[in-house]
Amino acid sequence: LPDTASGSLHYYAGQLHGGLLDWLAARPRAPQIVLCADCDGVGLLNYARLRQRLGANARFWLADNWPELLNRYGSSSLWRDTYKQFEQAYVRLLALAVEPEVLQLCQAMSEQGLALEQEAWFLQGLKGGD
């Protein structure tokens, strides 16, 4: 994060806990909640659940060069493993009128049969990407 960033960070594994979603939805906790999740079915379903509860105060974080990262580090096995959740998420995300970039990501994932783990965001900073 940049030095000027302020806020809190919550780490979770798997599904966002329903209690956390309830707590966030009970009253405004921050001007914006940004989810930095895997670009797979589970991550997108978590975002759909968060967006349903918080509306436009929730945002899905994507690197500017996500198409390049999907092409370079995307995983077909991760895509297959989370496809059922992806289908559920995509229907919800369409209904929620989310950011166009998220829908573009969904289309690219579907066309290429690839999903991307969030660690790819950090791989780009390594020399040579390896």
# chains A, B, ... in the order shown; residues from 1 in each chain; ligands from 1
$ select_by_dssp --residues "chain A" --states "helix (DSSP H, G or I)" --output "PyMOL selection string"
chain A and resi 18-26+41-57+66-73+76-81+83-96+100-112+120-123+127-129
$ atom_distance --atom1 "atom CA of Trp66 of chain A" --atom2 "atom CA of Gly7 of chain A"
24.0 Å
$ residues_around --residues "Asp38 of chain A" --least-positions-apart "2" --cutoff "10 Å" --atoms "only C-alpha atoms" --output "list in words"
Gly14, Leu35, Cys36, Asp40, Gly41, Val42, Gly43, Leu44, Asn46, Trp61, Leu62, Ala115, Leu116, Glu117, Gln118, Glu119, Ala120 and Trp121 of chain A
$ atom_distance --atom1 "atom CA of Val34 of chain A" --atom2 "atom CA of Leu94 of chain A"
18.7 Å
$ residues_around --residues "segment 96-98 of chain A" --least-positions-apart "2" --cutoff "9 Å" --atoms "only C-alpha atoms" --output "mmCIF file with all heavy atoms, in the first residue's frame"
data_model
loop_
_atom_site.group_PDB
_atom_site.id
_atom_site.type_symbol
_atom_site.label_atom_id
_atom_site.label_comp_id
_atom_site.auth_asym_id
_atom_site.auth_seq_id
_atom_site.Cartn_x
_atom_site.Cartn_y
_atom_site.Cartn_z
ATOM 1 N N ALA A 48 -19.650 -11.021 -4.719
ATOM 2 C CA ALA A 48 -21.097 -10.886 -4.949
ATOM 3 C C ALA A 48 -21.843 -10.808 -3.618
ATOM 4 O O ALA A 48 -22.751 -9.983 -3.450
ATOM 5 C CB ALA A 48 -21.609 -12.055 -5.789
ATOM 6 N N ARG A 51 -21.060 -7.371 -2.092
ATOM 7 C CA ARG A 51 -21.733 -6.311 -2.854
ATOM 8 C C ARG A 51 -23.239 -6.309 -2.592
ATOM 9 O O ARG A 51 -23.863 -5.251 -2.511
ATOM 10 C CB ARG A 51 -21.434 -6.504 -4.346
ATOM 11 C CG ARG A 51 -21.976 -5.444 -5.264
ATOM 12 C CD ARG A 51 -21.182 -4.150 -5.165
ATOM 13 N NE ARG A 51 -21.724 -3.170 -6.076
ATOM 14 C CZ ARG A 51 -21.023 -2.408 -6.875
ATOM 15 N NH1 ARG A 51 -19.705 -2.490 -6.869
ATOM 16 N NH2 ARG A 51 -21.595 -1.539 -7.665
ATOM 17 N N GLN A 52 -23.832 -7.496 -2.440
ATOM 18 C CA GLN A 52 -25.256 -7.575 -2.121
ATOM 19 C C GLN A 52 -25.552 -6.895 -0.789
ATOM 20 O O GLN A 52 -26.596 -6.277 -0.631
ATOM 21 C CB GLN A 52 -25.724 -9.035 -2.053
ATOM 22 C CG GLN A 52 -25.975 -9.634 -3.410
ATOM 23 C CD GLN A 52 -26.414 -11.081 -3.324
ATOM 24 O OE1 GLN A 52 -25.712 -11.935 -2.797
ATOM 25 N NE2 GLN A 52 -27.583 -11.348 -3.863
ATOM 26 N N GLY A 55 -23.716 -2.810 -1.305
ATOM 27 C CA GLY A 55 -23.960 -2.003 -2.495
ATOM 28 C C GLY A 55 -22.671 -1.429 -3.042
ATOM 29 O O GLY A 55 -21.604 -2.051 -2.986
ATOM 30 N N ALA A 56 -22.759 -0.212 -3.559
ATOM 31 C CA ALA A 56 -21.619 0.425 -4.223
ATOM 32 C C ALA A 56 -20.479 0.761 -3.268
ATOM 33 O O ALA A 56 -19.400 1.157 -3.720
ATOM 34 C CB ALA A 56 -22.075 1.684 -4.955
ATOM 35 N N ARG A 59 -16.066 -2.745 -3.406
ATOM 36 C CA ARG A 59 -15.379 -2.710 -4.692
ATOM 37 C C ARG A 59 -14.436 -3.900 -4.773
ATOM 38 O O ARG A 59 -13.841 -4.299 -3.778
ATOM 39 C CB ARG A 59 -14.591 -1.403 -4.815
ATOM 40 C CG ARG A 59 -13.947 -1.183 -6.156
ATOM 41 C CD ARG A 59 -13.365 0.220 -6.278
ATOM 42 N NE ARG A 59 -12.188 0.436 -5.445
ATOM 43 C CZ ARG A 59 -10.945 0.105 -5.783
ATOM 44 N NH1 ARG A 59 -10.701 -0.479 -6.916
ATOM 45 N NH2 ARG A 59 -9.944 0.366 -4.963
ATOM 46 N N PHE A 60 -14.304 -4.461 -5.961
ATOM 47 C CA PHE A 60 -13.387 -5.571 -6.208
ATOM 48 C C PHE A 60 -12.090 -4.986 -6.752
ATOM 49 O O PHE A 60 -12.098 -4.284 -7.762
ATOM 50 C CB PHE A 60 -14.006 -6.539 -7.230
ATOM 51 C CG PHE A 60 -13.295 -7.854 -7.337
ATOM 52 C CD1 PHE A 60 -13.593 -8.886 -6.458
ATOM 53 C CD2 PHE A 60 -12.346 -8.073 -8.320
ATOM 54 C CE1 PHE A 60 -12.955 -10.119 -6.565
ATOM 55 C CE2 PHE A 60 -11.699 -9.288 -8.436
ATOM 56 C CZ PHE A 60 -12.003 -10.318 -7.555
ATOM 57 N N VAL A 91 -23.998 -14.786 -12.238
ATOM 58 C CA VAL A 91 -25.420 -14.425 -12.271
ATOM 59 C C VAL A 91 -25.701 -13.303 -11.279
ATOM 60 O O VAL A 91 -26.383 -12.323 -11.603
ATOM 61 C CB VAL A 91 -26.302 -15.660 -11.970
ATOM 62 C CG1 VAL A 91 -27.751 -15.271 -11.746
ATOM 63 C CG2 VAL A 91 -26.191 -16.678 -13.095
ATOM 64 N N ARG A 92 -25.159 -13.407 -10.090
ATOM 65 C CA ARG A 92 -25.360 -12.366 -9.063
ATOM 66 C C ARG A 92 -24.715 -11.043 -9.469
ATOM 67 O O ARG A 92 -25.292 -9.977 -9.290
ATOM 68 C CB ARG A 92 -24.785 -12.814 -7.727
ATOM 69 C CG ARG A 92 -25.559 -13.902 -7.050
ATOM 70 C CD ARG A 92 -24.947 -14.159 -5.690
ATOM 71 N NE ARG A 92 -25.540 -15.291 -5.032
ATOM 72 C CZ ARG A 92 -25.288 -15.617 -3.766
ATOM 73 N NH1 ARG A 92 -24.439 -14.894 -3.053
ATOM 74 N NH2 ARG A 92 -25.866 -16.660 -3.222
ATOM 75 N N LEU A 93 -23.501 -11.121 -9.989
ATOM 76 C CA LEU A 93 -22.784 -9.900 -10.362
ATOM 77 C C LEU A 93 -23.485 -9.154 -11.487
ATOM 78 O O LEU A 93 -23.549 -7.922 -11.472
ATOM 79 C CB LEU A 93 -21.339 -10.232 -10.751
ATOM 80 C CG LEU A 93 -20.463 -10.767 -9.612
ATOM 81 C CD1 LEU A 93 -19.143 -11.294 -10.152
ATOM 82 C CD2 LEU A 93 -20.249 -9.717 -8.537
ATOM 83 N N LEU A 94 -24.029 -9.879 -12.440
ATOM 84 C CA LEU A 94 -24.803 -9.238 -13.505
ATOM 85 C C LEU A 94 -26.003 -8.499 -12.930
ATOM 86 O O LEU A 94 -26.294 -7.360 -13.308
ATOM 87 C CB LEU A 94 -25.273 -10.269 -14.529
ATOM 88 C CG LEU A 94 -24.221 -10.799 -15.492
ATOM 89 C CD1 LEU A 94 -24.780 -11.962 -16.301
ATOM 90 C CD2 LEU A 94 -23.710 -9.704 -16.409
ATOM 91 N N PRO A 100 -17.743 -2.420 -14.548
ATOM 92 C CA PRO A 100 -17.534 -3.061 -15.851
ATOM 93 C C PRO A 100 -16.267 -3.924 -15.898
ATOM 94 O O PRO A 100 -16.244 -4.957 -16.556
ATOM 95 C CB PRO A 100 -17.424 -1.892 -16.832
ATOM 96 C CG PRO A 100 -18.039 -0.733 -16.139
ATOM 97 C CD PRO A 100 -17.896 -0.972 -14.670
ATOM 98 N N GLU A 101 -15.227 -3.522 -15.171
ATOM 99 C CA GLU A 101 -13.976 -4.286 -15.176
ATOM 100 C C GLU A 101 -14.183 -5.683 -14.609
ATOM 101 O O GLU A 101 -13.543 -6.639 -15.057
ATOM 102 C CB GLU A 101 -12.885 -3.558 -14.369
ATOM 103 C CG GLU A 101 -12.496 -2.213 -14.928
ATOM 104 C CD GLU A 101 -13.452 -1.086 -14.516
ATOM 105 O OE1 GLU A 101 -14.230 -1.240 -13.552
ATOM 106 O OE2 GLU A 101 -13.420 -0.038 -15.173
ATOM 107 N N VAL A 102 -15.051 -5.809 -13.615
ATOM 108 C CA VAL A 102 -15.311 -7.123 -13.016
ATOM 109 C C VAL A 102 -16.019 -8.020 -14.025
ATOM 110 O O VAL A 102 -15.693 -9.201 -14.162
ATOM 111 C CB VAL A 102 -16.126 -6.985 -11.706
ATOM 112 C CG1 VAL A 102 -16.529 -8.347 -11.168
ATOM 113 C CG2 VAL A 102 -15.318 -6.218 -10.664
ATOM 114 N N LEU A 103 -16.968 -7.452 -14.761
ATOM 115 C CA LEU A 103 -17.659 -8.236 -15.783
ATOM 116 C C LEU A 103 -16.719 -8.593 -16.928
ATOM 117 O O LEU A 103 -16.794 -9.695 -17.481
ATOM 118 C CB LEU A 103 -18.889 -7.487 -16.285
ATOM 119 C CG LEU A 103 -19.960 -7.224 -15.217
ATOM 120 C CD1 LEU A 103 -21.126 -6.457 -15.817
ATOM 121 C CD2 LEU A 103 -20.425 -8.514 -14.558
#
$ atom_distance --atom1 "atom CA of Pro31 of chain A" --atom2 "atom CA of Gly18 of chain A"
20.5 Å
$ closest_residue --among "A:Ala30, A:Ala89, A:Ala58, A:Leu24" --to "Ser6 of chain A" --atoms "only C-alpha atoms"
A:Ala30
